[in-house]
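Here is my_file12.tsv, consisting of TSV, C-alpha atoms:
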```tsv
chain	number	residue	atom	x	y	z
B	1	MET	CA	143.75	-130.63	-149.82
B	2	THR	CA	146.70	-131.53	-147.63
B	3	ASP	CA	149.02	-128.58	-148.20
B	4	ARG	CA	148.38	-124.88	-147.94
B	5	GLU	CA	148.42	-122.84	-151.10
B	6	GLU	CA	150.08	-119.47	-150.72
B	7	ILE	CA	147.84	-116.77	-152.17
B	8	LEU	CA	149.95	-113.70	-151.59
B	9	ARG	CA	152.79	-112.37	-149.50
B	10	THR	CA	153.58	-108.89	-148.19
B	11	PRO	CA	156.70	-107.78	-146.32
B	12	ARG	CA	155.17	-108.96	-143.01
B	13	LEU	CA	152.26	-111.21	-143.93
B	14	ARG	CA	151.42	-114.40	-145.78
B	15	LEU	CA	147.93	-115.34	-146.93
B	16	THR	CA	147.21	-119.01	-147.49
B	17	THR	CA	144.31	-121.35	-148.01
B	18	TRP	CA	142.74	-122.99	-144.98
B	19	LEU	CA	143.03	-126.52	-143.66
B	20	PRO	CA	140.35	-128.16	-141.50
B	21	SER	CA	142.94	-128.24	-138.69
B	22	ASP	CA	142.80	-124.41	-138.58
B	23	LEU	CA	139.51	-124.54	-136.69
B	24	ASP	CA	141.05	-123.82	-133.26
B	25	ASP	CA	142.74	-120.62	-134.48
B	26	LEU	CA	139.68	-119.37	-136.34
B	27	ALA	CA	137.30	-120.29	-133.50
B	28	ALA	CA	139.41	-118.35	-131.00
B	29	LEU	CA	139.38	-115.31	-133.31
B	30	HIS	CA	135.61	-115.52	-133.86
B	31	ALA	CA	134.92	-116.00	-130.13
B	32	ASP	CA	136.81	-112.83	-129.11
B	33	ALA	CA	134.09	-110.25	-128.36
B	34	GLU	CA	136.45	-107.30	-128.85
B	35	VAL	CA	137.67	-108.57	-132.23
B	36	MET	CA	134.08	-109.23	-133.33
B	37	ARG	CA	132.68	-105.94	-131.97
B	38	HIS	CA	132.46	-104.38	-135.43
B	39	MET	CA	131.21	-107.49	-137.23
B	40	THR	CA	127.49	-107.78	-137.94
B	41	THR	CA	127.48	-111.37	-136.64
B	42	GLY	CA	129.11	-110.59	-133.29
B	43	PRO	CA	131.06	-113.39	-131.59
B	44	GLN	CA	130.47	-116.82	-133.08
B	45	THR	CA	130.23	-120.30	-131.65
B	46	ARG	CA	132.68	-123.02	-132.57
B	47	ALA	CA	129.96	-124.73	-134.62
B	48	ALA	CA	129.25	-121.54	-136.60
B	49	THR	CA	132.97	-121.06	-137.14
B	50	ARG	CA	133.33	-124.65	-138.37
B	51	GLU	CA	130.63	-123.96	-140.97
B	52	ARG	CA	132.34	-120.73	-141.98
B	53	LEU	CA	135.72	-122.49	-142.32
B	54	GLU	CA	134.12	-125.15	-144.52
B	55	THR	CA	132.59	-122.36	-146.63
B	56	PHE	CA	135.96	-120.62	-147.04
B	57	ILE	CA	137.59	-123.88	-148.18
B	58	ALA	CA	134.75	-124.67	-150.60
B	59	GLU	CA	134.63	-121.14	-152.04
B	60	HIS	CA	138.35	-121.15	-152.75
B	61	ARG	CA	138.13	-124.56	-154.45
B	62	ARG	CA	135.15	-123.46	-156.54
B	63	ARG	CA	136.10	-119.94	-157.60
B	64	GLY	CA	139.73	-119.41	-156.57
B	65	TRP	CA	139.01	-116.74	-153.95
B	66	SER	CA	137.42	-116.41	-150.55
B	67	LYS	CA	138.61	-115.34	-147.12
B	68	TRP	CA	142.09	-116.74	-146.46
B	69	ARG	CA	144.29	-117.45	-143.44
B	70	VAL	CA	146.63	-114.59	-142.45
B	71	GLU	CA	149.99	-115.46	-140.90
B	72	GLY	CA	152.85	-113.33	-139.64
B	73	ALA	CA	156.20	-114.03	-138.02
B	74	SER	CA	154.38	-114.99	-134.80
B	75	GLY	CA	151.96	-117.38	-136.54
B	76	PHE	CA	148.22	-117.03	-137.04
B	77	LEU	CA	147.00	-113.42	-137.19
B	78	GLY	CA	143.51	-113.67	-138.68
B	79	ARG	CA	141.53	-113.94	-141.88
B	80	ALA	CA	141.21	-111.72	-144.92
B	81	GLY	CA	140.07	-111.82	-148.48
B	82	PHE	CA	136.88	-111.48	-150.44
B	83	GLY	CA	133.18	-112.18	-150.43
B	84	LEU	CA	130.27	-111.12	-152.59
B	85	ALA	CA	129.10	-107.64	-151.66
B	86	HIS	CA	125.47	-107.53	-150.59
B	87	GLY	CA	124.12	-108.68	-153.95
B	88	SER	CA	125.62	-105.62	-155.65
B	89	GLY	CA	127.72	-107.52	-158.19
B	90	HIS	CA	130.98	-106.44	-156.52
B	91	ARG	CA	133.69	-108.32	-154.67
B	92	GLU	CA	133.87	-107.18	-151.07
B	93	VAL	CA	137.23	-107.00	-149.30
B	94	GLY	CA	137.37	-107.77	-145.60
B	95	TYR	CA	139.78	-108.63	-142.84
B	96	LEU	CA	139.70	-109.67	-139.20
B	97	LEU	CA	142.89	-109.64	-137.16
B	98	VAL	CA	143.80	-110.78	-133.66
B	99	ARG	CA	144.11	-107.92	-131.15
B	100	ALA	CA	147.89	-108.35	-130.93
B	101	ALA	CA	148.10	-107.26	-134.60
B	102	TRP	CA	146.14	-104.03	-134.13
B	103	GLY	CA	147.82	-100.65	-134.42
B	104	SER	CA	150.90	-101.87	-136.29
B	105	GLY	CA	149.88	-101.02	-139.86
B	106	LEU	CA	149.24	-104.66	-140.74
B	107	ALA	CA	145.61	-104.05	-141.70
B	108	THR	CA	146.64	-101.33	-144.16
B	109	GLU	CA	149.43	-103.50	-145.60
B	110	LEU	CA	146.95	-106.35	-145.94
B	111	THR	CA	144.21	-104.24	-147.54
B	112	GLN	CA	146.61	-102.72	-150.06
B	113	ALA	CA	147.84	-106.20	-151.03
B	114	LEU	CA	144.29	-107.51	-151.35
B	115	ARG	CA	143.32	-104.55	-153.52
B	116	GLN	CA	146.25	-105.34	-155.82
B	117	TRP	CA	145.32	-109.04	-155.88
B	118	HIS	CA	141.77	-108.06	-156.85
B	119	ASP	CA	143.07	-105.88	-159.69
B	120	ASP	CA	145.39	-108.66	-160.88
B	121	HIS	CA	142.67	-111.35	-160.75
B	122	PRO	CA	139.51	-109.86	-162.25
B	123	GLU	CA	136.30	-111.83	-161.98
B	124	PRO	CA	134.52	-111.36	-165.34
B	125	ALA	CA	131.04	-111.92	-163.87
B	126	LEU	CA	131.50	-109.12	-161.31
B	127	VAL	CA	131.78	-105.33	-161.43
B	128	PRO	CA	135.51	-104.41	-161.50
B	129	GLU	CA	135.29	-101.98	-158.57
B	130	LEU	CA	136.14	-103.48	-155.17
B	131	ARG	CA	133.89	-102.63	-152.22
B	132	ALA	CA	134.26	-102.65	-148.45
B	133	TYR	CA	131.59	-102.32	-145.75
B	134	VAL	CA	132.19	-100.87	-142.30
B	135	LEU	CA	129.84	-100.49	-139.35
B	136	PRO	CA	129.47	-96.86	-138.24
B	137	GLY	CA	131.82	-96.13	-135.35
B	138	ASN	CA	134.66	-98.33	-136.63
B	139	GLU	CA	137.00	-95.42	-137.27
B	140	ALA	CA	140.10	-97.62	-137.39
B	141	SER	CA	138.77	-99.59	-140.38
B	142	CYS	CA	137.66	-96.39	-142.10
B	143	ARG	CA	141.24	-95.06	-141.80
B	144	VAL	CA	142.69	-98.34	-143.08
B	145	LEU	CA	140.47	-98.21	-146.15
B	146	GLU	CA	141.31	-94.57	-146.86
B	147	LYS	CA	145.04	-95.30	-146.57
B	148	ALA	CA	144.55	-98.20	-149.00
B	149	GLY	CA	142.98	-95.87	-151.56
B	150	PHE	CA	139.28	-96.47	-150.96
B	151	ARG	CA	136.73	-93.66	-150.78
B	152	ALA	CA	133.41	-93.49	-148.93
B	153	VAL	CA	130.50	-93.72	-151.39
B	154	GLY	CA	127.44	-94.00	-149.14
B	155	GLU	CA	125.54	-96.28	-146.81
B	156	GLU	CA	123.83	-99.62	-147.35
B	157	ASP	CA	122.11	-101.94	-144.90
B	158	GLY	CA	123.26	-99.76	-141.98
B	159	GLN	CA	126.92	-99.91	-143.02
B	160	LEU	CA	129.29	-97.39	-144.58
B	161	VAL	CA	130.25	-98.35	-148.13
B	162	PHE	CA	133.74	-97.76	-149.51
B	163	ALA	CA	134.85	-98.27	-153.12
B	164	SER	CA	138.25	-98.70	-154.73
B	165	GLY	CA	137.55	-97.08	-158.08
B	166	ARG	CA	137.84	-93.48	-159.14
B	167	PRO	CA	134.90	-91.13	-158.45
```
What does this structure look like when you write it as structure tokens?
Amino acid sequence: MTDREEILRTPRLRLTTWLPSDLDDLAALHADAEVMRHMTTGPQTRAATRERLETFIAEHRRRGWSKWRVEGASGFLGRAGFGLAHGSGHREVGYLLVRAAWGSGLATELTQALRQWHDDHPEPALVPELRAYVLPGNEASCRVLEKAGFRAVGEEDGQLVFASGRP
């Protein structure tokens, strides 16, 4: 893979596939303790991030979806996309943005676009409803999910669970 594939575009964001040369950007994001404060893994080493980047690239090649690179007018802004939700048979939406992107509505714009992408690209082997998981205390992500049309449906593995479907 030598060129990036564009996955989706919003008015202010572009999601693309990863290249191995993206390691520096992703490693800086994953090393930022404040950015990683609400992630179950906490800050990650460069080696752990390299493994994660390789996983993202392999997942996209294999199934056509994963976590993708997020870019804005200023360049790299983070990662966002999908994983498998805790063995529940659902896709899980997630995002992680650099601090400079916080508070500008980008997370909501991104989550709404990812929800639409999910609806437009069903995965037959998975439950149609999209899920999201948030650590208690991460009020900003809870608000983002609510603005994007998700509703709280319970707790699992110490995290709040949100779903995109109707009650």
Write out as a CSV table (one decimal) with C-alpha atoms, in the coordinates of the input the residues lying within 10 Å of B:Gly64, counting all atoms listed in the file and excluding same-chain residues fewer than 5 positions away.
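Saved to selection09.csv:
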```csv
chain,number,residue,atom,x,y,z
B,7,ILE,CA,147.8,-116.8,-152.2
B,17,THR,CA,144.3,-121.4,-148.0
B,57,ILE,CA,137.6,-123.9,-148.2
B,58,ALA,CA,134.8,-124.7,-150.6
B,59,GLU,CA,134.6,-121.1,-152.0
B,121,HIS,CA,142.7,-111.4,-160.8
B,123,GLU,CA,136.3,-111.8,-162.0
```
Atom-to-atom span, atom CA of B:Arg50 and atom CA of B:Gly103, Å
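Distance reported for this atom pair: 28.3 Å.
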Quick one: of B:Trp18, B:Phe76, B:Tyr95, B:Phe150, who's nearest to B:Ser164, counting all atoms listed in the file?
B:Phe150
Within 9 Å of stretch 141-146 of chain B, counting all atoms listed in the file, which residues qualify if same-chain residues fewer than 3 places away don't, as a ChimeraX atom specification?
/B:105,107-109,111-112,132,134,137-138,149-152,160,162-164
I'd like the contact shell of B:Leu15 - 8 Å cut-off, only C-alpha atoms, skipping same-chain residues fewer than 5 positions apart - returned as an MDAnalysis selection string.
chainID B and resid 6:9 68:71 80
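Of the residues listed (B:Val35, B:Leu130, B:Ala28, B:Leu77), B:Leu130 shows the shortest atom-to-atom separation from B:His118; distances use all atoms listed in the file.
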Rounded to one decimal, what separation in Å do you get between atom CA of B:Val153 and atom CA of B:Gln44?
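So the two atoms, atom CA of B:Val153 and atom CA of B:Gln44, lie 29.5 Å apart.
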Between B:Pro136, B:Val98, B:Val161, B:Leu53, which has the minimum distance to B:Ser74 (counting only C-alpha atoms)?
B:Val98
How big is the axis-aligned box, and where does its centre sit, when it encloses all atoms of stretch 78-89 of chain B listed in the file and has 4 Å added on every side, reported in Å to one decimal as JSON?
```
{"center_x": 133.8, "center_y": -109.8, "center_z": -148.4, "size_x": 27.4, "size_y": 16.3, "size_z": 27.5}
```
Please indicate the distance in Å from atom CA of B:Gly83 to atom CA of B:Pro11, rounded to one decimal place.
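Computing the Euclidean distance for atom CA of B:Gly83 and atom CA of B:Pro11 yields 24.3 Å.
Restricting the calculation to all atoms listed in the file, the smallest distance between B:Leu13 and any of B:Ala33, B:Ala47, B:Leu97, B:Ala73 is found for B:Ala73.
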